[in-house]
Amino acid sequence: MAYHKVSADQKAQYLDNEDLQATTLELEWDMEKELEELNYDHFQLDGTGRQQVGTMQNTDVDLEPIQPSASPKGRFQRLQEDPDYVSHYTRPPPKSRRCSFCRMLKLFGSAMCFLLSGILIGYYGHEKCLPSPASPEPSHPHLDRGILEEIKAKDLAQIFRDLIASPTKEDQEIATRLFVQWSSYGLEDVQLVNYSVLLDLPGSSPNTVTLENTGECFLPSGQLCNEETQKLHSQDLLYSYAAYSAKGTLTAEVVDVQYGTVDDLLRIPDITNVTHKIALLKLGHHPLLYKLSLLEEMGFGGALLYIDPCDLPKAQNLSSKAFMVSLNSGGDPSTPGYPSIDGSYKQNRSNLTSLLVQPISVTLARKLLSSPKERVENEACRPLELPATAERTVVILNVQTQPTYKRMSNVIGYIKGATFPDRYIIVGSHHSSLQGYSSQQWAHGTAVMTALIQALMRKVKKGWRPDRTIIFGSWGETAFGKIGSYEWAEDLRKVLERNAVAYVSLHDPIRGNTVLHSIASPSLQQLATEARKRQNFSCLGQERCMGSNVSSVQMQGDSDYFINQLGIPAVQFSYEDSTASETASFLSEALFPIYSTVSKEPEAFFHLHEHIAKLTGEVMLQMASNPVLPFNALDIALEVQKSLEGNHGDMGQLLTMAYALRESAQLFQSDEMRPANDPKERAPTRVRMLNDVLQSLEKNFLIQQVPPGFYRNILYKLDEKTHQFSVLLEAVQCGKLRRSNETLRPALSKVLDSFNSAQVYFKAGLDLFEAVSVGGQ
């Protein structure tokens, strides 16, 4: 027999009365015996469950709203100590046909009276009845597509243009506008959360680079230092700097270190003393913070950053523009590891490196490398490098910034879950932008999030709700080191560690218009792939878009804390230019002063936004509404095995543990996940247990003390060209630089410990399910 779901309104009036619970069980028993005596040999309790469920209670189970289960051993199983009561129910023969006939006659008469009364009441009361409100819509997968179909490109175009139409550019003012807007849509518990944080802002005048031998002074853009130039481009020049760099003046020789990889640093001649010298460093291939840490370790005193012209976007002429970078790994530097709330202790950490760091343009880099020649059109691009015969170049580097405490704001809104309100799917974007720096870029993600909120709230007003709570977050001061998302998550860390399920990133989803780039945790790769197939996007005719795989690489934006501190799965979709995958990775760390003209683009351009909204919405709703979390445990184990291919060193123990992990994951997938995904076999209590296991699975792969800029979650790679564990590759490379064999062993131990932790976690989950099965028999 199948018991039906008890609504939240129904359960409230019964849960506190134990006597009534016992009485209703007895009444149910008596009614069944009566029906047996009436010779209803084929009586099914399922047929009367709709009438009886309001009075039927189980004192041993939780009656929170859940998905209905067709299994006879579901959450509403009435007699847990006697599970065969329902499925093997037997009935004695009828006692008396005459008694049965009399009772049937009485029942028939009563039914006729009720019928006539109902007809009379309906006839006379019809004209006076007010129309009933729309009944609540149940959470159902088929509704997901209906929600997403309401999102249209023309609406996204209007939302985007409304966002950028306002002259307001300050973080707090934009956040206040979003707060009012979200509240008007009916989003629940909308909050404007403020924090006082330490920002490293530009000084009153631009930083400069001066050639010692000629006395020529250059601005970061490569232009000469004169008052006229500074007046024309004052804002761009001020914001061409490295936030949280050391401050001061350094006179030293420039040393070309190319991309600053270990191999590049090993090519520096042994006779060259690099102490207190200035490295000329290209962005790309590795995180900037990691490369600066290597330069610091070698004794460099400063670094001039630039992007090689072969790596610059072809669609924009950026060779004469400098850029801004942040040297902050995440959060308010003055409150590392704890939230910057009122009264918290503020540490003096305005300099996050001992190096004087300054970004410069390609134009200035050419002058420093004695390579003034520009590339001719259609000529093959040649990377910049210092000629072997070049003379020494000594410069005077002047870096001045202004550390300032400033109030920043996050906007947070909720759609409370109907079944599991204590489980959170977090959707995040950012609303902050440096003045003049990609000033419209933030509006792409915010427009998509706004469209999703509008579509969802239309359904919520009709009674629909997701099973799990959806939290929308618009983060402030992302450009300075993901400060807004870090502070909010640190503030709620204890709650999020227990309740956060997944993070969906909408960070700058429109970076180009050609290739759909999909990033997901290994446990979400299957979900992301299936969503792409269902949406069937063609990326404006580019076949390579659908051919590209979903990868697990380090993401741009505010997903960092959720992946590396909370250990929850994350997913991100974005459009990029076709050349993005052909250039060096980590170029997005540079923020150029681009003045976008998207507001003048035709409506067809916003089909990209529509695609991102529907893809993101599909994945979000699957995670928010599926009874079983759509996480694939076996894919994690397969990713672990794949990441050990081609690694160096003694991998015997790692391979053995990886094989055992795969075996446990396969057993978990077949014994627990497959039955739970079958509605006929689904038991709600076991589903909740299963979801708890899946939710915390990736936490096992967080390791401590990773190199700067690397993810603590070892399941993520540095880029799509690298398939091995990043921390192991880095340990091997650092061993070469330090001429030591001891760097690999600690890294191997950390990775092995994470494998063992995941293996123990799987085994504990399987043992728990087995114990519950034995206890329920």
# chains A, B, ... in the order shown; residues from 1 in each chain; ligands from 1

call {"tool": "residues_around", "arguments": {"residues": "Ile415 of chain A", "least_positions_apart": "6", "cutoff": "10 Å", "atoms": "only C-alpha atoms", "output": "PyMOL selection string"}}
result
chain A and resi 186-190+421+424-425+453+456-457+460+465-466+468-472

call {"tool": "write_last_selection", "arguments": {"atoms": "N, CA and C atoms", "output": "PDB file, in the first residue's frame"}}
result
ATOM      1  N   GLY A 186       9.423  40.009  -4.585  1.00  0.00           N
ATOM      2  CA  GLY A 186       8.846  39.125  -3.582  1.00  0.00           C
ATOM      3  C   GLY A 186       9.823  38.122  -3.017  1.00  0.00           C
ATOM      4  N   LEU A 187      11.104  38.264  -3.355  1.00  0.00           N
ATOM      5  CA  LEU A 187      12.104  37.364  -2.801  1.00  0.00           C
ATOM      6  C   LEU A 187      12.103  37.483  -1.283  1.00  0.00           C
ATOM      7  N   GLU A 188      12.281  36.355  -0.599  1.00  0.00           N
ATOM      8  CA  GLU A 188      12.112  36.306   0.852  1.00  0.00           C
ATOM      9  C   GLU A 188      13.380  36.731   1.591  1.00  0.00           C
ATOM     10  N   ASP A 189      13.160  37.400   2.707  1.00  0.00           N
ATOM     11  CA  ASP A 189      14.246  37.724   3.627  1.00  0.00           C
ATOM     12  C   ASP A 189      15.432  38.366   2.910  1.00  0.00           C
ATOM     13  N   VAL A 190      15.160  39.350   2.049  1.00  0.00           N
ATOM     14  CA  VAL A 190      16.239  40.030   1.334  1.00  0.00           C
ATOM     15  C   VAL A 190      17.028  40.876   2.332  1.00  0.00           C
ATOM     16  N   PRO A 421      14.306  22.745   3.978  1.00  0.00           N
ATOM     17  CA  PRO A 421      14.669  24.171   4.051  1.00  0.00           C
ATOM     18  C   PRO A 421      16.043  24.408   4.651  1.00  0.00           C
ATOM     19  N   TYR A 424      21.007  24.240   1.377  1.00  0.00           N
ATOM     20  CA  TYR A 424      21.120  25.451   0.585  1.00  0.00           C
ATOM     21  C   TYR A 424      21.815  25.201  -0.751  1.00  0.00           C
ATOM     22  N   ILE A 425      21.185  25.665  -1.827  1.00  0.00           N
ATOM     23  CA  ILE A 425      21.840  25.803  -3.125  1.00  0.00           C
ATOM     24  C   ILE A 425      22.138  27.291  -3.278  1.00  0.00           C
ATOM     25  N   ILE A 453      15.565  35.034 -10.872  1.00  0.00           N
ATOM     26  CA  ILE A 453      14.732  35.380  -9.717  1.00  0.00           C
ATOM     27  C   ILE A 453      13.312  35.704 -10.158  1.00  0.00           C
ATOM     28  N   LEU A 456      11.483  32.433 -11.163  1.00  0.00           N
ATOM     29  CA  LEU A 456      11.171  31.588 -10.008  1.00  0.00           C
ATOM     30  C   LEU A 456      10.068  32.198  -9.150  1.00  0.00           C
ATOM     31  N   MET A 457      10.112  33.508  -8.954  1.00  0.00           N
ATOM     32  CA  MET A 457       9.120  34.141  -8.083  1.00  0.00           C
ATOM     33  C   MET A 457       7.717  34.106  -8.696  1.00  0.00           C
ATOM     34  N   VAL A 460       6.617  30.825  -7.507  1.00  0.00           N
ATOM     35  CA  VAL A 460       6.426  30.823  -6.056  1.00  0.00           C
ATOM     36  C   VAL A 460       5.092  31.468  -5.689  1.00  0.00           C
ATOM     37  N   ARG A 465       7.302  25.645  -4.811  1.00  0.00           N
ATOM     38  CA  ARG A 465       8.547  25.850  -4.071  1.00  0.00           C
ATOM     39  C   ARG A 465       9.525  24.736  -4.414  1.00  0.00           C
ATOM     40  N   PRO A 466      10.819  25.055  -4.412  1.00  0.00           N
ATOM     41  CA  PRO A 466      11.809  23.977  -4.563  1.00  0.00           C
ATOM     42  C   PRO A 466      11.868  23.157  -3.287  1.00  0.00           C
ATOM     43  N   ARG A 468      14.693  22.263  -1.793  1.00  0.00           N
ATOM     44  CA  ARG A 468      15.761  22.834  -0.977  1.00  0.00           C
ATOM     45  C   ARG A 468      15.766  24.349  -1.125  1.00  0.00           C
ATOM     46  N   THR A 469      16.307  25.021  -0.148  1.00  0.00           N
ATOM     47  CA  THR A 469      16.365  26.481  -0.176  1.00  0.00           C
ATOM     48  C   THR A 469      17.377  26.954  -1.211  1.00  0.00           C
ATOM     49  N   ILE A 470      16.989  27.969  -1.991  1.00  0.00           N
ATOM     50  CA  ILE A 470      17.902  28.604  -2.946  1.00  0.00           C
ATOM     51  C   ILE A 470      18.282  29.968  -2.375  1.00  0.00           C
ATOM     52  N   ILE A 471      19.578  30.208  -2.252  1.00  0.00           N
ATOM     53  CA  ILE A 471      20.088  31.489  -1.761  1.00  0.00           C
ATOM     54  C   ILE A 471      20.756  32.220  -2.927  1.00  0.00           C
ATOM     55  N   PHE A 472      20.330  33.447  -3.161  1.00  0.00           N
ATOM     56  CA  PHE A 472      20.956  34.281  -4.179  1.00  0.00           C
ATOM     57  C   PHE A 472      21.862  35.291  -3.480  1.00  0.00           C
TER      58      PHE A 472
END

call {"tool": "select_by_dssp", "arguments": {"residues": "segment 139-348 of chain A", "states": "strand (DSSP E or B)", "output": "NGL selection string"}}
result
:A and (188-202 or 208-211 or 217-218 or 224 or 242-243 or 248-256 or 278-282 or 284 or 286 or 302-306 or 324-326)

call {"tool": "closest_residue", "arguments": {"among": "A:His285, A:Arg511, A:Arg493, A:Arg349", "to": "Pro336 of chain A", "atoms": "only C-alpha atoms"}}
result
A:Arg349

call {"tool": "residues_around", "arguments": {"residues": "Lys736 of chain A", "least_positions_apart": "5", "cutoff": "10 Å", "atoms": "only C-alpha atoms", "output": "count of residues only"}}
result
7

call {"tool": "atom_distance", "arguments": {"atom1": "atom CA of Leu748 of chain A", "atom2": "atom CA of Gln653 of chain A"}}
result
9.5 Å

call {"tool": "residues_around", "arguments": {"residues": "Leu219 of chain A", "least_positions_apart": "4", "cutoff": "7 Å", "atoms": "only C-alpha atoms", "output": "MDAnalysis selection string"}}
result
chainID A and resid 207:209 223:225

call {"tool": "write_last_selection", "arguments": {"atoms": "N, CA and C atoms", "output": "mmCIF file, in the first residue's frame"}}
result
data_model
loop_
_atom_site.group_PDB
_atom_site.id
_atom_site.type_symbol
_atom_site.label_atom_id
_atom_site.label_comp_id
_atom_site.auth_asym_id
_atom_site.auth_seq_id
_atom_site.Cartn_x
_atom_site.Cartn_y
_atom_site.Cartn_z
ATOM 1 N N ASN A 207 51.714 55.516 -10.370
ATOM 2 C CA ASN A 207 53.034 54.924 -10.172
ATOM 3 C C ASN A 207 53.864 55.118 -11.438
ATOM 4 N N THR A 208 55.163 55.103 -11.304
ATOM 5 C CA THR A 208 56.031 55.409 -12.438
ATOM 6 C C THR A 208 57.197 54.434 -12.533
ATOM 7 N N VAL A 209 57.767 54.333 -13.758
ATOM 8 C CA VAL A 209 58.980 53.567 -14.036
ATOM 9 C C VAL A 209 59.925 54.509 -14.786
ATOM 10 N N GLN A 223 53.346 55.781 -21.657
ATOM 11 C CA GLN A 223 53.399 57.191 -22.022
ATOM 12 C C GLN A 223 54.360 57.938 -21.100
ATOM 13 N N LEU A 224 54.909 59.028 -21.613
ATOM 14 C CA LEU A 224 55.826 59.823 -20.820
ATOM 15 C C LEU A 224 55.094 60.522 -19.678
ATOM 16 N N CYS A 225 55.805 60.717 -18.607
ATOM 17 C CA CYS A 225 55.207 61.366 -17.439
ATOM 18 C C CYS A 225 55.110 62.870 -17.693
#

call {"tool": "closest_residue", "arguments": {"among": "A:Ala520, A:Leu384, A:Ala279, A:Cys310", "to": "Gln358 of chain A", "atoms": "only C-alpha atoms"}}
result
A:Ala279

call {"tool": "closest_residue", "arguments": {"among": "A:Ser240, A:Gln565, A:Thr389, A:Thr722", "to": "Lys642 of chain A", "atoms": "only C-alpha atoms"}}
result
A:Thr722

call {"tool": "closest_residue", "arguments": {"among": "A:Thr529, A:Lys717, A:Tyr561, A:Tyr486", "to": "Tyr503 of chain A", "atoms": "only C-alpha atoms"}}
result
A:Tyr561

call {"tool": "select_by_dssp", "arguments": {"residues": "segment 415-542 of chain A", "states": "alpha helix (DSSP H)", "output": "number ranges by chain"}}
result
A: 441-460, 483-491, 493-499, 525-535

call {"tool": "atom_distance", "arguments": {"atom1": "atom CA of Asn677 of chain A", "atom2": "atom CA of Ala418 of chain A"}}
result
19.8 Å

call {"tool": "residues_around", "arguments": {"residues": "Val619 of chain A", "least_positions_apart": "6", "cutoff": "7 Å", "atoms": "only C-alpha atoms", "output": "PyMOL selection string"}}
result
chain A and resi 527-528+531

call {"tool": "write_last_selection", "arguments": {"atoms": "N, CA, C and O atoms", "output": "PDB file, in the first residue's frame"}}
result
ATOM      1  N   LEU A 527      25.914  15.956 -14.467  1.00  0.00           N
ATOM      2  CA  LEU A 527      24.749  16.840 -14.467  1.00  0.00           C
ATOM      3  C   LEU A 527      24.934  17.978 -15.464  1.00  0.00           C
ATOM      4  O   LEU A 527      24.012  18.312 -16.221  1.00  0.00           O
ATOM      5  N   ALA A 528      26.115  18.596 -15.478  1.00  0.00           N
ATOM      6  CA  ALA A 528      26.380  19.704 -16.395  1.00  0.00           C
ATOM      7  C   ALA A 528      26.341  19.229 -17.847  1.00  0.00           C
ATOM      8  O   ALA A 528      25.809  19.924 -18.720  1.00  0.00           O
ATOM      9  N   ALA A 531      22.727  18.626 -18.858  1.00  0.00           N
ATOM     10  CA  ALA A 531      22.018  19.898 -19.027  1.00  0.00           C
ATOM     11  C   ALA A 531      22.345  20.525 -20.373  1.00  0.00           C
ATOM     12  O   ALA A 531      21.470  21.055 -21.067  1.00  0.00           O
TER      13      ALA A 531
END

call {"tool": "closest_residue", "arguments": {"among": "A:Asn317, A:Gln454, A:Gln572, A:Asn410", "to": "Ala502 of chain A", "atoms": "only C-alpha atoms"}}
result
A:Gln572

call {"tool": "atom_distance", "arguments": {"atom1": "atom CA of Leu198 of chain A", "atom2": "atom CA of Val357 of chain A"}}
result
18.7 Å

call {"tool": "decode", "arguments": {"residues": "segment 617-723 of chain A", "atoms": "C-alpha atoms", "output": "compact mmCIF listing (two decimals), in the first residue's frame"}}
result
# COMPACT_ATOMS: atom_id res chain seq x y z
CA GLY A 617 18.68 27.43 -14.10
CA GLU A 618 18.44 23.81 -15.22
CA VAL A 619 21.37 22.74 -13.05
CA MET A 620 20.18 24.87 -10.12
CA LEU A 621 16.65 23.41 -10.20
CA GLN A 622 17.92 19.84 -10.55
CA MET A 623 19.95 20.27 -7.38
CA ALA A 624 17.19 22.16 -5.59
CA SER A 625 14.28 19.85 -6.47
CA ASN A 626 15.54 16.32 -7.08
CA PRO A 627 14.79 14.00 -4.12
CA VAL A 628 18.29 12.54 -4.54
CA LEU A 629 21.10 15.02 -5.06
CA PRO A 630 22.37 14.62 -8.66
CA PHE A 631 25.96 14.09 -7.53
CA ASN A 632 27.96 11.24 -9.04
CA ALA A 633 30.25 9.62 -6.48
CA LEU A 634 31.83 7.24 -8.99
CA ASP A 635 32.95 10.14 -11.21
CA ILE A 636 35.05 11.43 -8.31
CA ALA A 637 36.84 8.09 -8.00
CA LEU A 638 37.39 7.95 -11.77
CA GLU A 639 38.80 11.49 -11.74
CA VAL A 640 41.20 10.46 -8.97
CA GLN A 641 42.51 7.54 -11.02
CA LYS A 642 42.83 9.72 -14.12
CA SER A 643 44.81 12.33 -12.18
CA LEU A 644 47.46 9.78 -11.24
CA GLU A 645 48.34 9.06 -14.87
CA GLY A 646 51.80 10.30 -15.76
CA ASN A 647 52.69 11.55 -12.29
CA HIS A 648 56.24 11.28 -11.06
CA GLY A 649 57.65 9.52 -8.04
CA ASP A 650 56.56 6.44 -6.15
CA MET A 651 52.83 6.15 -6.84
CA GLY A 652 52.37 2.58 -5.61
CA GLN A 653 50.43 3.42 -2.46
CA LEU A 654 48.40 6.12 -4.21
CA LEU A 655 47.40 3.76 -7.02
CA THR A 656 46.42 1.04 -4.54
CA MET A 657 44.30 3.46 -2.52
CA ALA A 658 42.76 4.94 -5.69
CA TYR A 659 41.72 1.46 -6.82
CA ALA A 660 40.14 0.72 -3.42
CA LEU A 661 38.37 4.08 -3.56
CA ARG A 662 36.93 3.22 -6.96
CA GLU A 663 35.67 -0.12 -5.70
CA SER A 664 33.94 1.51 -2.75
CA ALA A 665 32.44 4.19 -4.99
CA GLN A 666 31.08 1.55 -7.38
CA LEU A 667 29.53 -0.35 -4.49
CA PHE A 668 28.04 2.85 -3.11
CA GLN A 669 26.67 3.79 -6.52
CA SER A 670 25.04 0.41 -7.16
CA ASP A 671 23.80 -0.42 -3.65
CA GLU A 672 22.59 2.98 -2.51
CA MET A 673 22.34 5.56 -5.29
CA ARG A 674 20.67 3.41 -7.95
CA PRO A 675 17.80 2.20 -5.72
CA ALA A 676 17.32 5.71 -4.31
CA ASN A 677 16.85 7.12 -7.82
CA ASP A 678 14.05 4.63 -8.51
CA PRO A 679 10.76 6.06 -7.15
CA LYS A 680 9.45 2.53 -6.61
CA GLU A 681 12.37 1.68 -4.32
CA ARG A 682 12.95 5.10 -2.74
CA ALA A 683 12.75 5.24 1.06
CA PRO A 684 12.76 8.87 2.25
CA THR A 685 14.76 8.25 5.43
CA ARG A 686 17.48 6.53 3.44
CA VAL A 687 17.36 9.27 0.82
CA ARG A 688 18.07 11.89 3.48
CA MET A 689 20.98 9.83 4.76
CA LEU A 690 22.26 9.35 1.22
CA ASN A 691 22.07 13.07 0.47
CA ASP A 692 24.01 13.85 3.65
CA VAL A 693 26.79 11.51 2.48
CA LEU A 694 26.86 13.01 -1.03
CA GLN A 695 26.79 16.57 0.28
CA SER A 696 30.03 16.16 2.25
CA LEU A 697 31.91 13.88 -0.10
CA GLU A 698 34.25 16.48 -1.63
CA LYS A 699 35.30 17.73 1.81
CA ASN A 700 37.59 14.70 1.99
CA PHE A 701 39.74 16.11 -0.80
CA LEU A 702 40.62 19.39 0.93
CA ILE A 703 44.28 19.54 1.95
CA GLN A 704 46.14 22.06 4.10
CA GLN A 705 49.00 24.38 3.15
CA VAL A 706 48.80 24.47 -0.63
CA PRO A 707 51.01 26.79 -2.72
CA PRO A 708 49.64 30.35 -3.04
CA GLY A 709 46.92 30.57 -5.68
CA PHE A 710 46.34 26.79 -5.79
CA TYR A 711 43.01 25.25 -4.80
CA ARG A 712 42.88 23.30 -1.56
CA ASN A 713 40.46 20.94 -3.28
CA ILE A 714 42.87 18.70 -5.19
CA LEU A 715 40.12 17.53 -7.59
CA TYR A 716 40.53 20.83 -9.50
CA LYS A 717 43.39 21.27 -11.98
CA LEU A 718 45.23 24.47 -12.84
CA ASP A 719 44.05 24.36 -16.45
CA GLU A 720 42.50 22.06 -19.04
CA LYS A 721 45.88 21.07 -20.46
CA THR A 722 46.96 19.52 -17.16
CA HIS A 723 45.43 16.22 -16.03
